[in-house]
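Student: What follows is a single structure, and I will ask about it in a moment.
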Amino acid sequence: MRRRAAILLALAAAGCGASAHRAASAPVGDTVRAALVDRDGDGFLEPGPGETLRDRGRPARLGRVVATFGQLTDTHVRDEESPARAPFLDRLGAPLNSTFRPQEAVSTQVLDSAVRALDAERPQAVFVTGDIVDSAQSNEVAWAIDVLDGRRVHPDSGRPGYDGVQEADSPDPFYYRPDHDAPRHPGVLDAAQRPFRARGLDAPWYPTPGNHDLLVQGEVPPTPAIEAVATGDRMVTTLDPALGQGDFSETDARSAVASALAGGLPADAQHVPADPARRHVSPAEWMAGMRAAAGPGVAVRGGRMDYAVDVGSSVRAIVLDTVRRAGGSRGLLGVAQVAWLRAQLAGAGDRWVVVFSHNPLDATDGAAAALAALDADPHLVAAVAGNRHRNTITRHGHVWLVGTSSLADFPQQARMFRLRETAGGGVALETWMVDHDGRGLAGVSRELAYLDAQGGRPLGFAGTPADRNARLYVP
């Protein structure tokens with residue numbers, strides 16, 4: 001058991017990353033108008049004043065709006081009933097604090113709620129910057145596309161109903177059981193498995209792969225041994241109390257997983273209903289599915305989803321694929337990709353340029369040359385990313401680096417952008433956070449995410465006010 005659990009530690013090492021009625025009463029949407037606050041620190045959110053746009057850079061007189069667009073990131077649509085998951089590792093703490101979340105059963109409903117909120121902002125396009133699903137499973141990909149496209153969603157696997165570690169009769173005190181544990185939400189798990197009609201994005205949407213989209217739990221490529229576990233009927237739910245974190249690392253994950261699975265699952269693994277839809281897709285299959293469902297212009301070149309599309313007549317969006325196909329969560333940008341990026345910048349003409357990627361470019365191997373090219377281009381406005389699950393705004397030269405929080409953890413927000421001309425020939429990129437509407441299960445999810453010790457308020461993923469709603473000036 002110690003050896004088998006150790007490989008799952010390596011697999012998950014860098015995976016990142018009140019009542020239902022009370023939770024659902026929160027305001028929806030534009031946080032400039034109204035934001036969620038916890039005035040008395042009791043762990044429950046309530047409506048509060050909006051957060052104005054904070055000027056960053058040298059202010060200039062504002063002119064006409066040239067483009068509006070939105071961002072969803074790290075949505076982590078997941079099959080929480082899958083035997084390929086390792087939720088028991090979460091109790092060991094960092095860096096393994098993303099293998100279980102108390103709200104993980106309602107990821108499709110949270111995404112649907114966020115889509116409704118973004119639709120109310122009326123963007124011309126929405127960029128979905130990676131970790132769209134949690135573990136590259138075929139059913140997760142289908143659910144995510146169905147939510148984004150506004151189809152009927154069937155967010156259940158195995159047999160009908162919930163089968164997993166959060167069941168009411170679970171004897172393990174580590175797992176939150178919504179039927180019994182505070183804050184109680186009886187019936188949430190059963191409700192989470194029921195089909196629903198998604199709202200769907202009104203604007204065309206443009207995907208970017210993340211490590212969780214193409215790798216098992218964001219760490220290793222699928223293998224026949226892993227497939228046997230994912231589509232099988234046995235799930236590991238417990239952990240040897242004597243197991244420590246050890247000296248594992250991401251570089252050990254691939255060989256460690258292969259070694260452990262060669263010995264089979266432990267005898268005390270829980271029996272669960274099998275489901276062939278839990279198979280893992282290849283990168284080519286993931287990209288083909290997303291390309292068929294997404295907006296026009298999405299392309300794959302050299303086996304990577306690098307492409308450029310226009311938002312209106314004045315903005316060129318360049319999308320970069322930063323996923324390491326060999327495994328691991330850190331971003332990678334190849335020499336050929338940087339050369340392609342330079343060509344796209346040259347071909348953008350007088351359009352303003354915004355770059356999108358899953359991994360922040362300042363934390364991506366091989367991206368130093370890309371950042372230098374961006375900073376040298378006077379039309380480059382910003383590089384927008386996800387991955388960190390945190391709202392951030394910093395600068396690299398004249399380029400604004402914008403990071404956006406996830407839907408998997410608090411604050412479960414999307415981000416909007418509005419590009420405006422300014423006096424003197426420059427632009428200002430206005431950006432603000434958008435709260436999902438919190439209807440039904442989504443409200444329960446946000447409440448639980450806020451209370452979660454490993455992904456909620458203690459970690460400050462919401463960022464500072466200047467990381468959320470800001471007006472970013474570009475000369």
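The way I read the labels, and the way they are meant: chains A, B, ... in the order of the structure tokens, residue 1 as the first residue of every chain, and ligand 1 as the first ligand shown, with later ones counted on from there.
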Neighbours of range 397-414 of chain A within 8 Å (only C-alpha atoms; same-chain residues fewer than 2 positions away dropped), as a PyMOL selection string?
Tutor: chain A and resi 70-76+104+107+110-111+114+118+360+374-375+380-395+416+433-436+446+449-450+455-457+461-462+472+474
Student: Please return, as number ranges by chain, all residues of range 321-459 of chain A that DSSP assigns to strand (DSSP E or B) on the basis of the backbone.
Tutor: A: 331-332, 352-357, 364-365, 380-385, 392-396, 399-403, 413-422, 427-435
Student: Please, which residues of range 226-438 of chain A, numbered as in this document, come out helix (DSSP H, G or I) from DSSP, as number ranges by chain?
Tutor: A: 226-230, 250-261, 276-278, 283-293, 335-347, 361-363, 368-376
Student: Which is closest to Met235 in chain A among A:Asp306, A:Glu81, A:Asp181, A:Asp30, if we use only C-alpha atoms?
Tutor: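 Between A:Asp306, A:Glu81, A:Asp181, A:Asp30, the residue approaching Met235 in chain A most closely is A:Glu81.
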Student: Residues near Ala144 in chain A, anyone? I mean within 12 Å using only C-alpha atoms, not counting same-chain ones fewer than 5 positions away, as a ChimeraX atom specification.
Tutor: /A:74-79,107-112,115,128,130-134,136-139,149-155,198,200-201,207,213,286,289-290,293-294
Student: Restrict the selected residues to N, CA and C atoms and save them as a compact mmCIF listing (two decimals), in the first residue's frame.
Tutor:
# COMPACT_ATOMS: atom_id res chain seq x y z
N ASP A 74 -9.47 27.20 -16.05
CA ASP A 74 -9.37 26.18 -15.01
C ASP A 74 -10.75 25.79 -14.49
N THR A 75 -11.63 25.46 -15.43
CA THR A 75 -12.99 25.08 -15.08
C THR A 75 -13.04 23.68 -14.45
N HIS A 76 -12.08 22.83 -14.77
CA HIS A 76 -11.91 21.52 -14.16
C HIS A 76 -13.22 20.72 -14.08
N VAL A 77 -13.91 20.62 -15.20
CA VAL A 77 -15.07 19.74 -15.26
C VAL A 77 -14.59 18.32 -14.96
N ARG A 78 -15.19 17.67 -13.97
CA ARG A 78 -14.61 16.42 -13.51
C ARG A 78 -15.65 15.33 -13.26
N ASP A 79 -15.18 14.11 -13.46
CA ASP A 79 -15.94 12.93 -13.08
C ASP A 79 -15.45 12.52 -11.70
N SER A 107 -19.15 20.41 -10.66
CA SER A 107 -18.34 21.23 -11.57
C SER A 107 -19.09 21.64 -12.82
N THR A 108 -19.94 20.79 -13.36
CA THR A 108 -20.69 21.17 -14.57
C THR A 108 -21.68 22.28 -14.26
N GLN A 109 -22.32 22.21 -13.12
CA GLN A 109 -23.31 23.23 -12.75
C GLN A 109 -22.64 24.58 -12.49
N VAL A 110 -21.43 24.57 -11.93
CA VAL A 110 -20.70 25.83 -11.72
C VAL A 110 -20.33 26.45 -13.06
N LEU A 111 -19.85 25.63 -13.99
CA LEU A 111 -19.50 26.16 -15.30
C LEU A 111 -20.73 26.74 -15.99
N ASP A 112 -21.86 26.06 -15.90
CA ASP A 112 -23.09 26.58 -16.50
C ASP A 112 -23.48 27.92 -15.89
N VAL A 115 -21.19 30.58 -17.24
CA VAL A 115 -21.55 30.89 -18.63
C VAL A 115 -22.72 31.88 -18.65
N VAL A 128 -11.24 30.27 -23.43
CA VAL A 128 -11.28 29.27 -22.35
C VAL A 128 -9.86 28.72 -22.22
N GLY A 130 -7.68 26.69 -20.76
CA GLY A 130 -7.07 25.47 -20.29
C GLY A 130 -7.58 24.91 -18.98
N ASP A 131 -7.21 23.63 -18.76
CA ASP A 131 -7.76 22.83 -17.67
C ASP A 131 -9.28 22.93 -17.71
N ILE A 132 -9.79 22.78 -18.91
CA ILE A 132 -11.24 22.79 -19.13
C ILE A 132 -11.85 21.58 -18.43
N VAL A 133 -11.14 20.44 -18.52
CA VAL A 133 -11.54 19.25 -17.77
C VAL A 133 -10.44 18.91 -16.78
N ASP A 134 -10.71 17.94 -15.94
CA ASP A 134 -9.80 17.68 -14.82
C ASP A 134 -8.81 16.56 -15.08
N ALA A 136 -8.62 14.54 -18.45
CA ALA A 136 -8.56 14.06 -19.84
C ALA A 136 -9.49 12.89 -20.14
N GLN A 137 -10.55 12.72 -19.34
CA GLN A 137 -11.47 11.62 -19.59
C GLN A 137 -12.47 12.00 -20.68
N SER A 138 -12.86 11.00 -21.47
CA SER A 138 -13.79 11.22 -22.57
C SER A 138 -15.11 11.82 -22.09
N ASN A 139 -15.64 11.31 -20.98
CA ASN A 139 -16.92 11.84 -20.51
C ASN A 139 -16.78 13.26 -19.99
N ASP A 149 -21.62 24.71 -25.16
CA ASP A 149 -22.44 24.84 -26.36
C ASP A 149 -23.94 24.93 -26.06
N GLY A 150 -24.33 24.75 -24.79
CA GLY A 150 -25.74 24.88 -24.44
C GLY A 150 -26.58 23.68 -24.79
N ARG A 151 -26.06 22.49 -24.54
CA ARG A 151 -26.81 21.26 -24.80
C ARG A 151 -27.33 20.66 -23.50
N ARG A 152 -28.00 19.53 -23.62
CA ARG A 152 -28.42 18.79 -22.43
C ARG A 152 -27.20 18.06 -21.88
N VAL A 153 -26.96 18.20 -20.59
CA VAL A 153 -25.77 17.66 -19.95
C VAL A 153 -26.18 16.50 -19.05
N HIS A 154 -25.43 15.40 -19.12
CA HIS A 154 -25.67 14.22 -18.29
C HIS A 154 -24.43 13.98 -17.42
N PRO A 155 -24.31 14.69 -16.29
CA PRO A 155 -23.07 14.69 -15.51
C PRO A 155 -22.96 13.52 -14.53
N ALA A 198 -28.08 23.11 -20.32
CA ALA A 198 -27.13 24.21 -20.12
C ALA A 198 -27.54 25.43 -20.93
N GLY A 200 -25.33 27.75 -22.34
CA GLY A 200 -24.46 27.89 -23.50
C GLY A 200 -23.99 29.31 -23.71
N LEU A 201 -22.79 29.46 -24.21
CA LEU A 201 -22.24 30.78 -24.49
C LEU A 201 -22.89 31.37 -25.74
N PRO A 207 -10.84 27.59 -27.33
CA PRO A 207 -10.19 26.81 -26.28
C PRO A 207 -8.66 26.85 -26.36
N ASP A 213 -6.13 18.79 -19.34
CA ASP A 213 -6.90 18.40 -20.51
C ASP A 213 -6.27 17.24 -21.26
N TRP A 286 -8.64 15.13 -28.13
CA TRP A 286 -9.13 16.28 -27.37
C TRP A 286 -9.21 17.51 -28.26
N GLY A 289 -12.07 17.31 -30.87
CA GLY A 289 -13.38 17.54 -30.28
C GLY A 289 -13.63 19.00 -29.99
N MET A 290 -12.64 19.66 -29.42
CA MET A 290 -12.78 21.08 -29.11
C MET A 290 -12.88 21.91 -30.38
N ALA A 293 -16.32 21.90 -31.90
CA ALA A 293 -17.37 22.57 -31.15
C ALA A 293 -17.17 24.07 -31.02
N ALA A 294 -15.93 24.53 -31.10
CA ALA A 294 -15.60 25.91 -30.78
C ALA A 294 -15.85 26.85 -31.97
Student: As an exercise, work out the distance from CA of Thr431 in chain A to CA of Pro49 in chain A in Å and give it to one decimal place.
Tutor: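 Separation of CA of Thr431 in chain A and CA of Pro49 in chain A: 17.4 Å.
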Student: I want to know what sits within 10 Å of range 167-170 of chain A, based on only C-alpha atoms, with residues of the same chain fewer than 3 positions away left out; could you give that as JSON, numbers by chain?
Tutor: {"A": [162, 163, 164, 173, 174, 175, 176, 177, 178, 179, 180, 181, 186, 187, 189, 190]}
Student: With distances taken over only C-alpha atoms, which residue among A:Val323, A:Val444, A:Val236, A:Val309 lies nearest Gln344 in chain A?
Tutor: A:Val309
Student: Separation of CA of Ala117 in chain A and CA of Ser314 in chain A, in Å?
Tutor: 25.5 Å
Student: Find the spatial neighbours of Val353 in chain A, counting only C-alpha atoms, within a cut-off of 8 Å - ignore same-chain residues fewer than 3 positions away - and output them as a PyMOL selection string.
Tutor: chain A and resi 315-318+345+348+379-382
Student: Go ahead and save the residues from that selection, with C-alpha atoms, as an mmCIF file, in the first residue's frame.
Tutor:
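The file below, selection30.cif, is the result:
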data_model
loop_
_atom_site.group_PDB
_atom_site.id
_atom_site.type_symbol
_atom_site.label_atom_id
_atom_site.label_comp_id
_atom_site.auth_asym_id
_atom_site.auth_seq_id
_atom_site.Cartn_x
_atom_site.Cartn_y
_atom_site.Cartn_z
ATOM 1 C CA VAL A 315 -7.854 43.140 -32.178
ATOM 2 C CA ARG A 316 -5.875 40.001 -32.995
ATOM 3 C CA ALA A 317 -5.936 37.207 -30.389
ATOM 4 C CA ILE A 318 -3.027 34.754 -30.503
ATOM 5 C CA LEU A 345 2.895 39.474 -34.539
ATOM 6 C CA ALA A 348 -1.170 41.495 -37.230
ATOM 7 C CA HIS A 379 0.769 46.769 -30.535
ATOM 8 C CA LEU A 380 1.007 44.079 -27.846
ATOM 9 C CA VAL A 381 -1.422 44.829 -25.012
ATOM 10 C CA ALA A 382 -1.474 41.824 -22.689
#
Student: Considering only C-alpha atoms, state which residue in the set A:Ser445, A:Gln193, A:Ser313, A:Thr52 is at the smallest distance from Gln124 in chain A.
Tutor: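 The shortest atom-to-atom distance to Gln124 in chain A comes from A:Ser313.
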